[in-house]
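Working notes for the structure below.
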Amino acid sequence: MYLYNSLTRKRELFVPNHPDLVKMYTCGPTVYHYAHIGNLRTYIMEDVLEKYLRYAGYPVKRVMNITDVGHLSSDGDTGEDKMLKGARREHKSVMEIAKMYTDAFFADCEKLNIKRPDVVEPATNCIDDYIRIIGTLLDKGFAYRAGGNVYFDTSKLERYYVFNDFNAEDLDVGVREGVEEDANKRNRNDFVLWFTQSKFEDQALKWDSPWGVGYPGWHIECTGISLKHLGEDMDIHCGGIDNAFPHHTNEIAQSESYLGHKWVNFWFHVLHLNTATGKMSKSSGEFLTLSLLEQKGYDPIVYRFFCLQSHYRKNLVFSYENLDNAAAAYGKLVDKIAALDPGAAGEPDPQRLAGFRQRFMKGMDADLNTSLGITALYDVLKDGTDDRTKLAALADFDRVLSLDLLEAAARKRAARPEEEHDPEIEALLAARTAAKKARDFAEADRIRDDLKARGIEVVDTPQGPKWKRI
């Protein structure tokens, strides 16, 4: 299996640190509002990655944080705490807001067939872990106190901008639009590890620390939670591409300074879901949530299918026209599966199954190419093998793709009009099939024309004749 590593900017053969466990961390939501569908694209692709690793035979432990404190509205450690902002908007306490939107997030995940991670840890559970790490960074000279806060000193690093070869001036916090420079910082790109003083005075959640009553910075939370549950090394760290700088950059800086060695082998970043006007966000344009798509009549699994049709390292453009196209394609795919006979006699052909699986894995091994994974579904349906083998292969692939293919096909079959099971028509179709086998094509055509005159259209398929009323 080859994965693109954002840190080295190339595809690399995936080899886990430990053969008995793949350690995987995914940055979770800041639970101050509903997740928009751009956020959910990232979680869908991370879900596919985890499921494919398990499918390929790797045991996986996946950890996700829930940011319920300390994420300010600016990357420069300034602005209002997003949790406090949400609490004011909803006239609730911060912890009520956290629970409300955490529950909403996992409800969306369930609708999208996103597996719940093995460990889900709210940031507020790990205050002692952050304090211990920050204390070590101060002792090692990688952090300093100023203006009541504790900052990480980026000047102590040999290289800070690890993901891209940016010019330092282009990324300086003080020169980015809408971000105020913090005069307490020694260097513009230093970041806060612990706040006792912030731009606003009514921070809702505070804890005692050696540096005064305060709360952790956003970046230290992922370091503390991952070290607590995954130890001092990690195979894969995931997130949206917008997390690469500064969040993941700062995670690497503080984690490796604390540990004294390399921390993460692979960085897996999912690119943006864009609209016609640009990157999707909660603050611009129509706030596109999964619930809104449902209100407009879309099945959440259609949105998952829409995402899987594109590679995770390509920007994906959302429009209702594109989603309609995905819905139509998904519907046709389900129709093809519904035409298979789930009661077909015999056992699946193990040799054909192995060949199907090999083709599926070849595509998925190429940097989790889900579009090739979808193509493998159609390859199975076009193959001349028996229905039972096809259904077994489709069920096998859907362990990873999680598109409810067989379930949707069963619902489609169950919803067919009762007359489609008319025994008289089925008997005529059987007689027509027997006539064709006997090469009595005149009789076969007569039966077809008789059925047509009665308003019945016969369609010959590789699985046998099907019929519908016209």
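Naming works like this for the structure tokens: A, B, ... for the chains as they're shown, residue 1 at the start of each chain, ligands 1 onward in shown order.
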Might you pull out every residue within 7 Å of stretch 406-413 of chain A, with only C-alpha atoms counted and same-chain residues fewer than 5 positions away left off, and present them as a list in words? Val334, Asp335, Ile337, Ala338 and Ala395 of chain A
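Taking atom CA of A:Ile225 as the reference point, atom CA of A:Ile37 is found at 25.5 Å.
Look at A:Leu372: the protein and nucleic acid residues within 10 Å of it, using only C-alpha atoms and passing over chain neighbours fewer than 3 places away, are Leu308, Gln309, Ser310, His311, Arg359, Phe360, Met361, Lys362, Gly363, Met364, Asp365, Ala366, Leu368, Asn369, Thr375, Ala376, Leu377 and Tyr378 of chain A.
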Just want the 7 Å neighbourhood of stretch 287-295 of chain A, counted on only C-alpha atoms, with same-chain residues fewer than 4 positions away dropped. Output as a short mmCIF file (atom, residue, chain, number, x, y, z; two decimals) with C-alpha atoms, in the first residue's frame.
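Final file, selection-v7.cif:
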```
data_model
loop_
_atom_site.label_atom_id
_atom_site.label_comp_id
_atom_site.auth_asym_id
_atom_site.auth_seq_id
_atom_site.Cartn_x
_atom_site.Cartn_y
_atom_site.Cartn_z
CA ALA A 35 -20.08 20.21 10.98
CA HIS A 36 -20.46 21.39 7.39
CA ILE A 37 -20.18 18.91 4.54
CA ASP A 108 -23.95 12.84 11.15
CA LYS A 282 -19.21 28.10 8.30
CA ASP A 299 -29.73 10.37 1.14
CA PRO A 300 -26.55 10.94 3.23
#
```
Which residues, written as a ChimeraX atom specification, have at least one atom at most 12 Å from stretch 2-19 of chain A, with only C-alpha atoms counted and residues fewer than 5 positions away on the same chain left out? /A:24,49,53,56-61,161-165,230-241,243-245,248-249,252,262-271,311-313,361-369
Write the residues you've just listed into a file as a compact mmCIF listing (two decimals), in the first residue's frame, and include N, CA and C atoms for each of them.
```
# COMPACT_ATOMS: atom_id res chain seq x y z
N MET A 24 -3.15 5.45 14.70
CA MET A 24 -3.74 6.45 13.80
C MET A 24 -4.44 7.51 14.62
N LEU A 49 -9.83 5.18 5.04
CA LEU A 49 -8.45 4.78 5.31
C LEU A 49 -8.39 3.76 6.44
N LEU A 53 -7.26 -0.18 5.94
CA LEU A 53 -6.15 -0.76 6.69
C LEU A 53 -6.59 -2.06 7.35
N ALA A 56 -7.04 -4.75 4.78
CA ALA A 56 -5.76 -5.26 4.29
C ALA A 56 -5.03 -6.10 5.34
N GLY A 57 -5.62 -6.22 6.53
CA GLY A 57 -5.06 -7.12 7.52
C GLY A 57 -4.33 -6.46 8.67
N TYR A 58 -4.34 -5.12 8.72
CA TYR A 58 -3.65 -4.42 9.81
C TYR A 58 -4.60 -4.20 10.99
N PRO A 59 -4.19 -4.54 12.21
CA PRO A 59 -4.95 -4.08 13.37
C PRO A 59 -4.73 -2.58 13.55
N VAL A 60 -5.77 -1.85 13.89
CA VAL A 60 -5.70 -0.38 13.95
C VAL A 60 -6.24 0.10 15.29
N LYS A 61 -5.56 1.09 15.86
CA LYS A 61 -6.11 1.85 16.97
C LYS A 61 -6.19 3.30 16.52
N TYR A 161 8.84 25.37 9.19
CA TYR A 161 7.87 25.14 8.12
C TYR A 161 8.15 23.79 7.47
N VAL A 162 7.59 22.73 8.05
CA VAL A 162 7.96 21.39 7.64
C VAL A 162 7.13 20.85 6.47
N PHE A 163 5.96 21.40 6.20
CA PHE A 163 5.08 20.83 5.19
C PHE A 163 5.29 21.42 3.80
N ASN A 164 5.71 22.67 3.73
CA ASN A 164 5.90 23.30 2.43
C ASN A 164 7.07 24.26 2.49
N ASP A 165 7.65 24.50 1.33
CA ASP A 165 8.79 25.41 1.27
C ASP A 165 8.31 26.85 1.09
N LEU A 230 -1.63 6.85 22.36
CA LEU A 230 -0.87 6.15 21.33
C LEU A 230 0.62 6.03 21.65
N GLY A 231 1.06 6.68 22.71
CA GLY A 231 2.47 6.57 23.05
C GLY A 231 3.33 7.56 22.27
N GLU A 232 4.64 7.30 22.24
CA GLU A 232 5.60 8.29 21.75
C GLU A 232 5.87 8.21 20.26
N ASP A 233 5.21 7.31 19.54
CA ASP A 233 5.33 7.30 18.08
C ASP A 233 3.97 6.99 17.48
N MET A 234 3.81 7.36 16.22
CA MET A 234 2.52 7.22 15.57
C MET A 234 2.76 6.91 14.10
N ASP A 235 1.88 6.08 13.52
CA ASP A 235 2.01 5.73 12.11
C ASP A 235 1.41 6.79 11.20
N ILE A 236 0.17 7.19 11.47
CA ILE A 236 -0.55 8.09 10.57
C ILE A 236 -1.28 9.16 11.39
N HIS A 237 -1.07 10.41 11.01
CA HIS A 237 -1.81 11.54 11.58
C HIS A 237 -2.63 12.15 10.45
N CYS A 238 -3.94 12.28 10.65
CA CYS A 238 -4.86 12.73 9.60
C CYS A 238 -5.47 14.08 9.93
N GLY A 239 -5.98 14.72 8.88
CA GLY A 239 -6.73 15.96 9.05
C GLY A 239 -6.98 16.62 7.71
N GLY A 240 -7.75 17.69 7.72
CA GLY A 240 -7.95 18.48 6.52
C GLY A 240 -6.70 19.25 6.17
N ILE A 241 -6.55 19.59 4.90
CA ILE A 241 -5.33 20.28 4.44
C ILE A 241 -5.17 21.63 5.13
N ASN A 243 -5.46 22.17 8.14
CA ASN A 243 -4.79 21.96 9.42
C ASN A 243 -3.27 21.90 9.30
N ALA A 244 -2.76 21.72 8.07
CA ALA A 244 -1.32 21.52 7.91
C ALA A 244 -0.53 22.69 8.50
N PHE A 245 -0.98 23.91 8.23
CA PHE A 245 -0.38 25.08 8.85
C PHE A 245 -1.49 25.98 9.37
N HIS A 248 -0.92 21.49 12.47
CA HIS A 248 -0.04 20.32 12.45
C HIS A 248 1.43 20.71 12.51
N THR A 249 1.75 21.85 11.92
CA THR A 249 3.12 22.36 12.02
C THR A 249 3.49 22.58 13.48
N ILE A 252 3.90 19.23 15.46
CA ILE A 252 5.22 18.61 15.26
C ILE A 252 6.27 19.34 16.08
N LYS A 262 11.67 11.78 16.24
CA LYS A 262 10.57 11.86 15.27
C LYS A 262 9.30 11.30 15.88
N TRP A 263 8.18 11.91 15.52
CA TRP A 263 6.91 11.58 16.16
C TRP A 263 5.98 10.80 15.25
N VAL A 264 5.74 11.28 14.02
CA VAL A 264 4.75 10.71 13.11
C VAL A 264 5.42 10.31 11.80
N ASN A 265 5.07 9.13 11.28
CA ASN A 265 5.64 8.67 10.01
C ASN A 265 4.91 9.25 8.80
N PHE A 266 3.58 9.17 8.79
CA PHE A 266 2.80 9.61 7.63
C PHE A 266 1.81 10.70 8.05
N TRP A 267 1.78 11.76 7.24
CA TRP A 267 0.77 12.81 7.42
C TRP A 267 -0.19 12.72 6.25
N PHE A 268 -1.47 12.51 6.57
CA PHE A 268 -2.52 12.25 5.59
C PHE A 268 -3.48 13.44 5.61
N HIS A 269 -3.47 14.23 4.54
CA HIS A 269 -4.29 15.44 4.49
C HIS A 269 -5.32 15.34 3.35
N VAL A 270 -6.57 15.63 3.68
CA VAL A 270 -7.66 15.62 2.71
C VAL A 270 -7.87 17.05 2.21
N LEU A 271 -7.95 17.21 0.89
CA LEU A 271 -8.09 18.54 0.32
C LEU A 271 -9.52 19.06 0.46
N HIS A 311 -10.64 11.54 -5.82
CA HIS A 311 -9.49 11.23 -4.98
C HIS A 311 -9.38 12.26 -3.86
N TYR A 312 -8.97 11.80 -2.68
CA TYR A 312 -8.93 12.69 -1.51
C TYR A 312 -7.93 13.82 -1.65
N ARG A 313 -6.96 13.68 -2.54
CA ARG A 313 -5.95 14.73 -2.71
C ARG A 313 -6.30 15.68 -3.85
N MET A 361 -8.06 -4.13 -4.47
CA MET A 361 -6.93 -3.72 -3.64
C MET A 361 -5.86 -2.99 -4.47
N LYS A 362 -5.72 -3.36 -5.73
CA LYS A 362 -4.76 -2.67 -6.58
C LYS A 362 -5.09 -1.18 -6.68
N GLY A 363 -6.37 -0.87 -6.82
CA GLY A 363 -6.78 0.52 -6.87
C GLY A 363 -6.63 1.22 -5.54
N MET A 364 -7.06 0.58 -4.49
CA MET A 364 -7.01 1.20 -3.17
C MET A 364 -5.58 1.33 -2.66
N ASP A 365 -4.70 0.41 -3.06
CA ASP A 365 -3.30 0.50 -2.66
C ASP A 365 -2.58 1.68 -3.29
N ALA A 366 -3.15 2.23 -4.36
CA ALA A 366 -2.55 3.36 -5.06
C ALA A 366 -3.01 4.66 -4.40
N ASP A 367 -2.54 4.88 -3.18
CA ASP A 367 -2.85 6.10 -2.43
C ASP A 367 -4.35 6.25 -2.19
N LEU A 368 -4.97 5.15 -1.75
CA LEU A 368 -6.38 5.14 -1.37
C LEU A 368 -7.26 5.73 -2.48
N ASN A 369 -7.12 5.17 -3.68
CA ASN A 369 -7.85 5.69 -4.83
C ASN A 369 -9.27 5.12 -4.83
```
